[in-house]
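Structure first, then comments.
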Amino acid sequence: MSPVLNISTYRFVPLDGLPALRDHLFAEAEARALKGTVLLAEEGINLFLAGAPEAIDGWLDVLRADARFAGLDAKRSFSDTMPFKRLKVKVKREIIRMNRPAVRPATGRAPAISASTLARWIGQGHDDAGRPLLMLDTRNGFEVDAGAFEGAVDWRLHKFSDFPAALEAQRAALQDHTVVSYCTGGIRCEKAALVMQAMGLEHSFQLEGGIMKYFEDTGGAAPGWRGRCFVFDERVALDTSLS
């Protein structure tokens with residue numbers, strides 16, 4: 001059996017015509033026997049799909065033909081079996097729910113750092129200006145239990161929409177640090193970093209591309225990471241080589 005290509009990606013971009021876009025993307029994915037989930041909202045797109053490599057690439061070509069998704073990159077990994085049971089393309093209120101309508105990443109991102117920069121900071125124990133480094137996990141508690149950055153702040157969140165209140169209660173403890181928020185693929189820490197900036201944490205960043213991109217860009221070495229990364233499909237958790 002040929003290996004199954006798994007992709008994940010997102011983009012915060014204003015979208016309209018959502019029902020027609022949903023039907024179009026579903027038909028193109030169904031025709032290629034893809035499975036997984038595509039979420040659409042006025043704020044953008046978030047997707048996790050799996051299938052034959054040529055089928056995935058063909059669907060991505062269709063997606064990128066829309067100017068709103070031009071150049072959209074996708075994180076890629078392989079599995080021996082299909083990790084999803086069905087194909088779903090849904091229109092939602094948010095592509096990642098935070099219940100903070102004022103948080104709109106499409107209008108401007110919070111500062112982000114690359115995997116190589118984070119690896120250097122972890123090795124140093126501080127940022128390039130000498131400020132102590134603090135990793136802030138924006139995922140749910142059960143995800144953290146599978147694996148996390150060593151010493152990361154974990155507020156045992158039950159859902160991502162709990163993050164702003166937790167940050168409000170704990171921000172004083174973060175004030176004297178350079179704080180890097182992280183999540184699986186980058187979408188949660190993208191919103192989280194905007195909230196941190198809005199609450200006055202000026203030395204706060206998001207990890208570009210999240211944990212998965214960190215694994216990929218560090219060649220599986222993943223300095224400072226322990227355990228596996230929980231994923232929301234039948235693979236359950238991936239190691240630093242994305243297996």
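Chain labels follow the order of the structure tokens: the first chain is A, the next B, and so on; residue numbering restarts at 1 in every chain, and ligands are counted from 1 in their shown order.
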
Practice prompt. Excluding Thr138 in chain A and residues on its chain fewer than 4 positions from it, collect all residues at most 8 Å away from it, counting only C-alpha atoms, and give them as a PyMOL selection string.
Written response: chain A and resi 154+157+160+163+181-183+188-189+192

Fill in: strand (DSSP E) positions in range 58-157 of chain A, given as a list in words
Lys75, Arg76, Ser77, Phe78, Ser79, Leu87, Lys88, Val89, Lys90, Val91, Ala112, Ile113, Leu133, Leu134, Met135, Leu136, Asp137, Gly147, Ala148 and Phe149 of chain A

Serialized selection, N, CA and C atoms, as a CSV table (one decimal), in the first residue's frame:
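For reference, result_27.csv as written:
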chain,number,residue,atom,x,y,z
A,75,LYS,N,1.9,21.9,6.0
A,75,LYS,CA,2.7,21.0,6.6
A,75,LYS,C,2.4,19.6,6.2
A,76,ARG,N,3.4,18.8,5.9
A,76,ARG,CA,3.2,17.4,5.3
A,76,ARG,C,3.8,16.4,6.2
A,77,SER,N,3.1,15.2,6.3
A,77,SER,CA,3.7,14.0,6.9
A,77,SER,C,3.0,12.8,6.3
A,78,PHE,N,3.6,11.7,6.5
A,78,PHE,CA,3.1,10.4,5.9
A,78,PHE,C,2.7,9.4,7.0
A,79,SER,N,1.7,8.6,6.6
A,79,SER,CA,1.2,7.5,7.5
A,79,SER,C,0.9,6.3,6.6
A,87,LEU,N,-14.9,12.6,5.0
A,87,LEU,CA,-14.6,14.0,4.5
A,87,LEU,C,-15.7,14.9,5.0
A,88,LYS,N,-15.3,16.1,5.6
A,88,LYS,CA,-16.2,17.1,6.1
A,88,LYS,C,-15.6,18.5,5.7
A,89,VAL,N,-16.5,19.3,5.1
A,89,VAL,CA,-16.2,20.6,4.8
A,89,VAL,C,-17.3,21.5,5.4
A,90,LYS,N,-17.0,22.3,6.4
A,90,LYS,CA,-18.0,23.0,7.2
A,90,LYS,C,-17.8,24.5,7.2
A,91,VAL,N,-18.9,25.2,7.3
A,91,VAL,CA,-18.9,26.6,7.5
A,91,VAL,C,-19.1,26.9,9.0
A,112,ALA,N,6.1,37.0,15.3
A,112,ALA,CA,6.4,35.5,15.3
A,112,ALA,C,7.9,35.3,15.2
A,113,ILE,N,8.3,34.1,15.8
A,113,ILE,CA,9.7,33.7,15.7
A,113,ILE,C,9.7,32.3,15.0
A,133,LEU,N,13.4,33.4,29.0
A,133,LEU,CA,12.5,32.8,28.0
A,133,LEU,C,11.4,32.0,28.8
A,134,LEU,N,10.2,32.2,28.4
A,134,LEU,CA,9.1,31.4,29.0
A,134,LEU,C,8.2,30.9,27.8
A,135,MET,N,8.0,29.6,27.8
A,135,MET,CA,7.1,29.0,26.8
A,135,MET,C,5.7,28.9,27.4
A,136,LEU,N,4.7,29.3,26.6
A,136,LEU,CA,3.3,29.3,27.0
A,136,LEU,C,2.5,28.4,26.1
A,137,ASP,N,2.0,27.3,26.7
A,137,ASP,CA,1.2,26.3,25.9
A,137,ASP,C,-0.2,26.7,25.9
A,147,GLY,N,2.9,15.5,25.4
A,147,GLY,CA,4.2,16.1,25.1
A,147,GLY,C,4.1,17.6,25.2
A,148,ALA,N,5.3,18.3,25.5
A,148,ALA,CA,5.3,19.7,25.6
A,148,ALA,C,6.7,20.2,25.7
A,149,PHE,N,7.0,21.5,25.6
A,149,PHE,CA,8.3,22.0,25.8
A,149,PHE,C,8.6,21.9,27.3

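Around Lys35 in chain A, within 9 Å and counting only C-alpha atoms, the residues found are Ala29, Glu30, Phe48, Leu49, Ala50, Gly51, Met82, Pro83, Phe84, Lys85, Arg86, Leu87 and Lys88 of chain A, once anything fewer than 3 positions away on its own chain is removed.
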
Would you save the residues from that selection as a short mmCIF file (atom, residue, chain, number, x, y, z; two decimals), in the first residue's frame, using N, CA and C atoms?
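Result file selection.cif:
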data_model
loop_
_atom_site.label_atom_id
_atom_site.label_comp_id
_atom_site.auth_asym_id
_atom_site.auth_seq_id
_atom_site.Cartn_x
_atom_site.Cartn_y
_atom_site.Cartn_z
N ALA A 29 -12.48 17.65 -3.32
CA ALA A 29 -11.85 16.68 -2.41
C ALA A 29 -12.49 15.31 -2.56
N GLU A 30 -13.80 15.26 -2.67
CA GLU A 30 -14.50 13.99 -2.82
C GLU A 30 -14.07 13.28 -4.10
N PHE A 48 -7.33 19.90 7.66
CA PHE A 48 -6.54 18.69 7.89
C PHE A 48 -7.06 17.66 6.90
N LEU A 49 -6.26 17.25 5.95
CA LEU A 49 -6.70 16.32 4.91
C LEU A 49 -5.65 15.23 4.71
N ALA A 50 -6.11 14.08 4.20
CA ALA A 50 -5.21 12.97 3.90
C ALA A 50 -5.68 12.27 2.64
N GLY A 51 -4.73 11.70 1.92
CA GLY A 51 -5.04 10.96 0.70
C GLY A 51 -3.78 10.63 -0.06
N MET A 82 -5.01 5.50 6.40
CA MET A 82 -5.80 6.73 6.39
C MET A 82 -6.22 7.08 7.82
N PRO A 83 -5.87 8.28 8.31
CA PRO A 83 -6.16 8.62 9.70
C PRO A 83 -7.56 9.21 9.93
N PHE A 84 -8.33 9.43 8.88
CA PHE A 84 -9.67 10.00 9.01
C PHE A 84 -10.71 9.04 8.46
N LYS A 85 -11.91 9.08 9.04
CA LYS A 85 -12.98 8.18 8.61
C LYS A 85 -13.83 8.75 7.48
N ARG A 86 -13.90 10.08 7.39
CA ARG A 86 -14.80 10.69 6.39
C ARG A 86 -14.28 12.06 5.99
N LEU A 87 -14.94 12.64 5.01
CA LEU A 87 -14.62 13.98 4.54
C LEU A 87 -15.69 14.94 5.03
N LYS A 88 -15.25 16.06 5.65
CA LYS A 88 -16.18 17.09 6.12
C LYS A 88 -15.65 18.46 5.69
#

Practice prompt. For CA of Val231 in chain A and CA of Ile95 in chain A, determine how far apart the two atoms are, in Å to one decimal place.
Written response: 16.6 Å

Which residues of range 83-186 of chain A sit at most 10 Å from range 42-46 of chain A, using only C-alpha atoms? Give each one's shortest atom pair and distance in Å (one decimal place), in chain and ascending residue order, as CSV.
residue,atom,partner,partner_atom,distance
A:Val91,CA,A:Glu42,CA,8.8
A:Lys92,CA,A:Glu42,CA,8.3
A:Arg93,CA,A:Glu42,CA,7.2
A:Glu94,CA,A:Glu43,CA,6.6
A:Ile95,CA,A:Asn46,CA,5.9
A:Ile96,CA,A:Asn46,CA,8.0
A:Pro101,CA,A:Glu43,CA,9.8
A:Arg104,CA,A:Glu43,CA,7.3
A:Pro105,CA,A:Glu43,CA,8.1
A:Ala106,CA,A:Glu43,CA,7.0
A:Thr107,CA,A:Glu43,CA,9.9

Just the residues within 12 Å of His158 in chain A, please, counting only C-alpha atoms, with nothing from its chain fewer than 5 positions along; format it as a short mmCIF file (atom, residue, chain, number, x, y, z; two decimals) with N, CA and C atoms, in the first residue's frame.
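Result went into out-v6.cif, see below:
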data_model
loop_
_atom_site.label_atom_id
_atom_site.label_comp_id
_atom_site.auth_asym_id
_atom_site.auth_seq_id
_atom_site.Cartn_x
_atom_site.Cartn_y
_atom_site.Cartn_z
N THR A 138 -0.73 26.86 24.64
CA THR A 138 -2.11 27.32 24.44
C THR A 138 -3.07 26.16 24.18
N ARG A 139 -2.58 24.93 24.32
CA ARG A 139 -3.41 23.76 24.02
C ARG A 139 -4.18 23.28 25.25
N ASN A 140 -5.07 22.35 25.02
CA ASN A 140 -5.84 21.75 26.12
C ASN A 140 -4.93 20.85 26.97
N GLY A 141 -5.33 20.66 28.21
CA GLY A 141 -4.52 19.91 29.14
C GLY A 141 -4.16 18.51 28.67
N PHE A 142 -5.11 17.80 28.07
CA PHE A 142 -4.82 16.43 27.65
C PHE A 142 -3.82 16.39 26.50
N GLU A 143 -3.75 17.44 25.70
CA GLU A 143 -2.73 17.52 24.65
C GLU A 143 -1.35 17.71 25.27
N VAL A 144 -1.29 18.56 26.28
CA VAL A 144 -0.02 18.82 26.96
C VAL A 144 0.53 17.53 27.58
N PHE A 163 -8.58 30.58 27.17
CA PHE A 163 -7.25 31.19 27.21
C PHE A 163 -7.26 32.66 27.64
N ALA A 166 -7.64 33.06 31.39
CA ALA A 166 -6.47 32.54 32.10
C ALA A 166 -5.30 33.51 31.98
#

Item to complete: Find the residues near Gly108 in chain A: any atom within 10 Å, counting only C-alpha atoms, skip ones fewer than 4 places away on the same chain, and give them as a PyMOL selection string.
Response: chain A and resi 12+103-104+194

Can I get the selected residues back with N, CA, C and O atoms, as a PDB file, in the first residue's frame?
ATOM      1  N   PHE A  12      -5.630  33.032   7.919  1.00  0.00           N
ATOM      2  CA  PHE A  12      -6.603  34.043   8.296  1.00  0.00           C
ATOM      3  C   PHE A  12      -6.702  35.037   7.135  1.00  0.00           C
ATOM      4  O   PHE A  12      -5.736  35.752   6.841  1.00  0.00           O
ATOM      5  N   VAL A 103     -10.553  39.993  18.045  1.00  0.00           N
ATOM      6  CA  VAL A 103      -9.260  39.401  17.696  1.00  0.00           C
ATOM      7  C   VAL A 103      -9.340  38.936  16.245  1.00  0.00           C
ATOM      8  O   VAL A 103      -9.977  37.936  15.934  1.00  0.00           O
ATOM      9  N   ARG A 104      -8.687  39.669  15.360  1.00  0.00           N
ATOM     10  CA  ARG A 104      -8.791  39.437  13.923  1.00  0.00           C
ATOM     11  C   ARG A 104      -7.391  39.367  13.310  1.00  0.00           C
ATOM     12  O   ARG A 104      -6.839  40.390  12.877  1.00  0.00           O
ATOM     13  N   LEU A 194      -1.950  37.659  19.744  1.00  0.00           N
ATOM     14  CA  LEU A 194      -2.632  38.950  19.630  1.00  0.00           C
ATOM     15  C   LEU A 194      -3.242  39.368  20.961  1.00  0.00           C
ATOM     16  O   LEU A 194      -3.206  40.551  21.336  1.00  0.00           O
TER      17      LEU A 194
END

Discussion item. What's the separation between CA of Leu40 in chain A and CA of Cys229 in chain A, in Å to one decimal place?
Written reply: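 We find that CA of Leu40 in chain A and CA of Cys229 in chain A lie 24.6 Å from each other.
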